Every structure is written in C-alpha cells, then in structure tokens.
Amino acid sequence: MIENVNVALNKPAYVQDPYRPGNDRYDASNAVDGRKSDLSVRVNLGSIHSIHHITIYFRTDNNLREFYVLAKYILGFSVYVSNTTDRLQGTLCYKDDNFTILTIPVVFTTTCAVHGQYIIYYNERLTGMNFPRGYTDYVISDLCKWEVYGKCSLFLELNFE
C-alpha cells in the first residue's frame, strides 16, 4: 500500500502580494517548509501529482480572538488544482459558501482526488456583487501553511509496433 505524503513539502512557492516584501519571515518558501509560519501562496509541486487532500492553516499569530476578527476577510475562499498557474484551467476542489466568522476553522482540509501541479488559493470581492452578511469589501488571503497530500505520479509511455 502506498501512503499519502505531503507532496508540497519544500516545493517552489509564490506569493502575489507579499505581506512585508523583503522580510524573510513572510517569504513564500516558508509556506511549504514543513514548519508553521505566516504567508499566502500558490504552490508549484514541480510536476503533476495524484492529489488526495489539501490542508490549509490560516494565520492566527497564536491569538484565536484576532483570527476570528480577521476571518471576515477570508470567507468565500476557493481552492483549485491545476496543471498551469491559471485557476480557471484547473479543477475547483472547494468553494466556501458555508462558513461564517464564527465557524471558519483555523485548520481546513478538503479532499480533492485529482491530478495537478499547482495548488491555488483564490478569493475575490467583485464590485457590484452582493456578498453574505459578515463578508468584507476586500479580501486578505491570510494563509500560514499548506500541506498537499498525494502520491507522486509516474507516467509510462508504451509504444506498440
């Protein structure tokens, strides 16, 4: 039996809008180093993997009261798995339409049995759209850590002559 492993561990990570540019504490690589730190990222697994589940640790700064104050900025998030950096070319694994500022978990896990190379966290607040009570007018992707569990994919090319 092959066990699921954290295939995101020490893979390249990218942050679109760093919290504090130049501060190593908030470098994208911290999100996939196996330790807990503060950062929001898109993870490149380096190659296509068979994904089983994805776990996201939201930033708390060891203060749950503060987390639930900031939760309104992360409500409505989505998680995608894609073979490109374009989420729309990937598979939507999870779309939050159920959590509130009091029910969103600090650690979130979703099963997503697909193949892909990029794990993408996405959230938006579109102008002119009505969002549920408790949502803010803008988002903060306050992610601390990603873990992506799955298996390394092996592709075998067979030539029949």
# chains A, B, ... in the order shown; residues from 1 in each chain; ligands from 1

call {"tool": "select_by_dssp", "arguments": {"residues": "range 98-138 of chain A", "states": "strand (DSSP E or B)", "output": "VMD selection string"}}
result
chain A and resid 107 to 111 115 to 122

call {"tool": "write_last_selection", "arguments": {"atoms": "all heavy atoms", "output": "mmCIF file, in the first residue's frame"}}
result
data_model
loop_
_atom_site.group_PDB
_atom_site.id
_atom_site.type_symbol
_atom_site.label_atom_id
_atom_site.label_comp_id
_atom_site.auth_asym_id
_atom_site.auth_seq_id
_atom_site.Cartn_x
_atom_site.Cartn_y
_atom_site.Cartn_z
ATOM 1 N N VAL A 107 -7.741 25.399 10.899
ATOM 2 C CA VAL A 107 -7.137 24.415 10.002
ATOM 3 C C VAL A 107 -8.255 23.823 9.160
ATOM 4 O O VAL A 107 -9.220 23.271 9.687
ATOM 5 C CB VAL A 107 -6.407 23.301 10.782
ATOM 6 C CG1 VAL A 107 -5.814 22.280 9.827
ATOM 7 C CG2 VAL A 107 -5.321 23.901 11.672
ATOM 8 N N PHE A 108 -8.117 23.951 7.844
ATOM 9 C CA PHE A 108 -9.148 23.499 6.908
ATOM 10 C C PHE A 108 -8.582 22.399 6.021
ATOM 11 O O PHE A 108 -7.492 22.549 5.468
ATOM 12 C CB PHE A 108 -9.612 24.672 6.038
ATOM 13 C CG PHE A 108 -10.475 24.251 4.897
ATOM 14 C CD1 PHE A 108 -11.814 23.962 5.096
ATOM 15 C CD2 PHE A 108 -9.948 24.109 3.625
ATOM 16 C CE1 PHE A 108 -12.616 23.547 4.055
ATOM 17 C CE2 PHE A 108 -10.738 23.697 2.567
ATOM 18 C CZ PHE A 108 -12.076 23.417 2.786
ATOM 19 N N THR A 109 -9.312 21.304 5.873
ATOM 20 C CA THR A 109 -8.896 20.208 4.997
ATOM 21 C C THR A 109 -10.031 19.882 4.038
ATOM 22 O O THR A 109 -11.193 19.798 4.444
ATOM 23 C CB THR A 109 -8.526 18.952 5.803
ATOM 24 O OG1 THR A 109 -7.414 19.268 6.657
ATOM 25 C CG2 THR A 109 -8.132 17.791 4.892
ATOM 26 N N THR A 110 -9.675 19.697 2.769
ATOM 27 C CA THR A 110 -10.647 19.272 1.772
ATOM 28 C C THR A 110 -10.073 18.112 0.965
ATOM 29 O O THR A 110 -8.885 18.110 0.636
ATOM 30 C CB THR A 110 -11.064 20.427 0.833
ATOM 31 O OG1 THR A 110 -12.128 19.986 -0.017
ATOM 32 C CG2 THR A 110 -9.922 20.929 -0.019
ATOM 33 N N THR A 111 -10.896 17.127 0.690
ATOM 34 C CA THR A 111 -10.497 16.024 -0.179
ATOM 35 C C THR A 111 -10.646 16.480 -1.613
ATOM 36 O O THR A 111 -11.644 17.110 -1.973
ATOM 37 C CB THR A 111 -11.375 14.786 0.076
ATOM 38 O OG1 THR A 111 -11.207 14.390 1.441
ATOM 39 C CG2 THR A 111 -10.996 13.636 -0.842
ATOM 40 N N HIS A 115 -5.498 15.081 -10.389
ATOM 41 C CA HIS A 115 -4.080 15.188 -10.721
ATOM 42 C C HIS A 115 -3.775 16.645 -11.034
ATOM 43 O O HIS A 115 -4.566 17.313 -11.710
ATOM 44 C CB HIS A 115 -3.736 14.317 -11.935
ATOM 45 C CG HIS A 115 -3.787 12.856 -11.647
ATOM 46 N ND1 HIS A 115 -4.961 12.150 -11.607
ATOM 47 C CD2 HIS A 115 -2.801 11.981 -11.350
ATOM 48 C CE1 HIS A 115 -4.704 10.889 -11.308
ATOM 49 N NE2 HIS A 115 -3.401 10.758 -11.147
ATOM 50 N N GLY A 116 -2.631 17.144 -10.562
ATOM 51 C CA GLY A 116 -2.249 18.511 -10.868
ATOM 52 C C GLY A 116 -0.894 18.881 -10.337
ATOM 53 O O GLY A 116 -0.302 18.162 -9.532
ATOM 54 N N GLN A 117 -0.405 20.041 -10.791
ATOM 55 C CA GLN A 117 0.910 20.541 -10.399
ATOM 56 C C GLN A 117 0.816 21.776 -9.506
ATOM 57 O O GLN A 117 1.675 21.989 -8.665
ATOM 58 C CB GLN A 117 1.720 20.893 -11.651
ATOM 59 C CG GLN A 117 3.100 21.444 -11.343
ATOM 60 C CD GLN A 117 3.951 21.612 -12.577
ATOM 61 O OE1 GLN A 117 3.703 20.984 -13.606
ATOM 62 N NE2 GLN A 117 4.967 22.444 -12.483
ATOM 63 N N TYR A 118 -0.219 22.590 -9.680
ATOM 64 C CA TYR A 118 -0.357 23.830 -8.914
ATOM 65 C C TYR A 118 -1.568 23.761 -7.998
ATOM 66 O O TYR A 118 -2.651 23.356 -8.415
ATOM 67 C CB TYR A 118 -0.521 25.035 -9.855
ATOM 68 C CG TYR A 118 0.691 25.284 -10.694
ATOM 69 C CD1 TYR A 118 0.824 24.681 -11.937
ATOM 70 C CD2 TYR A 118 1.721 26.117 -10.240
ATOM 71 C CE1 TYR A 118 1.953 24.899 -12.715
ATOM 72 C CE2 TYR A 118 2.844 26.329 -11.011
ATOM 73 C CZ TYR A 118 2.954 25.726 -12.252
ATOM 74 O OH TYR A 118 4.068 25.940 -13.013
ATOM 75 N N ILE A 119 -1.371 24.178 -6.754
ATOM 76 C CA ILE A 119 -2.465 24.306 -5.799
ATOM 77 C C ILE A 119 -2.680 25.810 -5.645
ATOM 78 O O ILE A 119 -1.746 26.544 -5.297
ATOM 79 C CB ILE A 119 -2.124 23.673 -4.438
ATOM 80 C CG1 ILE A 119 -1.551 22.260 -4.623
ATOM 81 C CG2 ILE A 119 -3.341 23.681 -3.532
ATOM 82 C CD1 ILE A 119 -2.420 21.306 -5.394
ATOM 83 N N ILE A 120 -3.894 26.275 -5.906
ATOM 84 C CA ILE A 120 -4.162 27.707 -5.955
ATOM 85 C C ILE A 120 -5.272 28.057 -4.967
ATOM 86 O O ILE A 120 -6.374 27.505 -5.045
ATOM 87 C CB ILE A 120 -4.574 28.140 -7.383
ATOM 88 C CG1 ILE A 120 -3.463 27.774 -8.373
ATOM 89 C CG2 ILE A 120 -4.887 29.639 -7.418
ATOM 90 C CD1 ILE A 120 -3.880 27.851 -9.832
ATOM 91 N N TYR A 121 -4.959 28.965 -4.056
ATOM 92 C CA TYR A 121 -5.952 29.540 -3.145
ATOM 93 C C TYR A 121 -6.441 30.816 -3.806
ATOM 94 O O TYR A 121 -5.643 31.632 -4.260
ATOM 95 C CB TYR A 121 -5.292 29.851 -1.806
ATOM 96 C CG TYR A 121 -6.152 30.652 -0.853
ATOM 97 C CD1 TYR A 121 -6.914 30.013 0.110
ATOM 98 C CD2 TYR A 121 -6.190 32.036 -0.916
ATOM 99 C CE1 TYR A 121 -7.692 30.740 0.997
ATOM 100 C CE2 TYR A 121 -6.967 32.770 -0.032
ATOM 101 C CZ TYR A 121 -7.713 32.119 0.914
ATOM 102 O OH TYR A 121 -8.480 32.840 1.785
ATOM 103 N N TYR A 122 -7.758 31.004 -3.878
ATOM 104 C CA TYR A 122 -8.305 32.176 -4.561
ATOM 105 C C TYR A 122 -9.469 32.741 -3.768
ATOM 106 O O TYR A 122 -10.267 31.990 -3.197
ATOM 107 C CB TYR A 122 -8.774 31.786 -5.970
ATOM 108 C CG TYR A 122 -9.343 32.933 -6.748
ATOM 109 C CD1 TYR A 122 -8.510 33.869 -7.344
ATOM 110 C CD2 TYR A 122 -10.716 33.094 -6.868
ATOM 111 C CE1 TYR A 122 -9.030 34.943 -8.047
ATOM 112 C CE2 TYR A 122 -11.241 34.164 -7.568
ATOM 113 C CZ TYR A 122 -10.398 35.077 -8.159
ATOM 114 O OH TYR A 122 -10.915 36.138 -8.852
#

call {"tool": "residues_around", "arguments": {"residues": "Tyr94 in chain A", "least_positions_apart": "3", "cutoff": "10 Å", "atoms": "only C-alpha atoms", "output": "list in words"}}
result
Ile54, Gly76, Phe77, Ser78, Val79, Tyr80, Val81, Thr91, Asp97, Thr109, Thr110, Thr111, Cys112 and Tyr121 of chain A

call {"tool": "residues_around", "arguments": {"residues": "Arg65 in chain A", "least_positions_apart": "5", "cutoff": "12 Å", "atoms": "only C-alpha atoms", "output": "PyMOL selection string"}}
result
chain A and resi 59-60+70-71+101-102+106
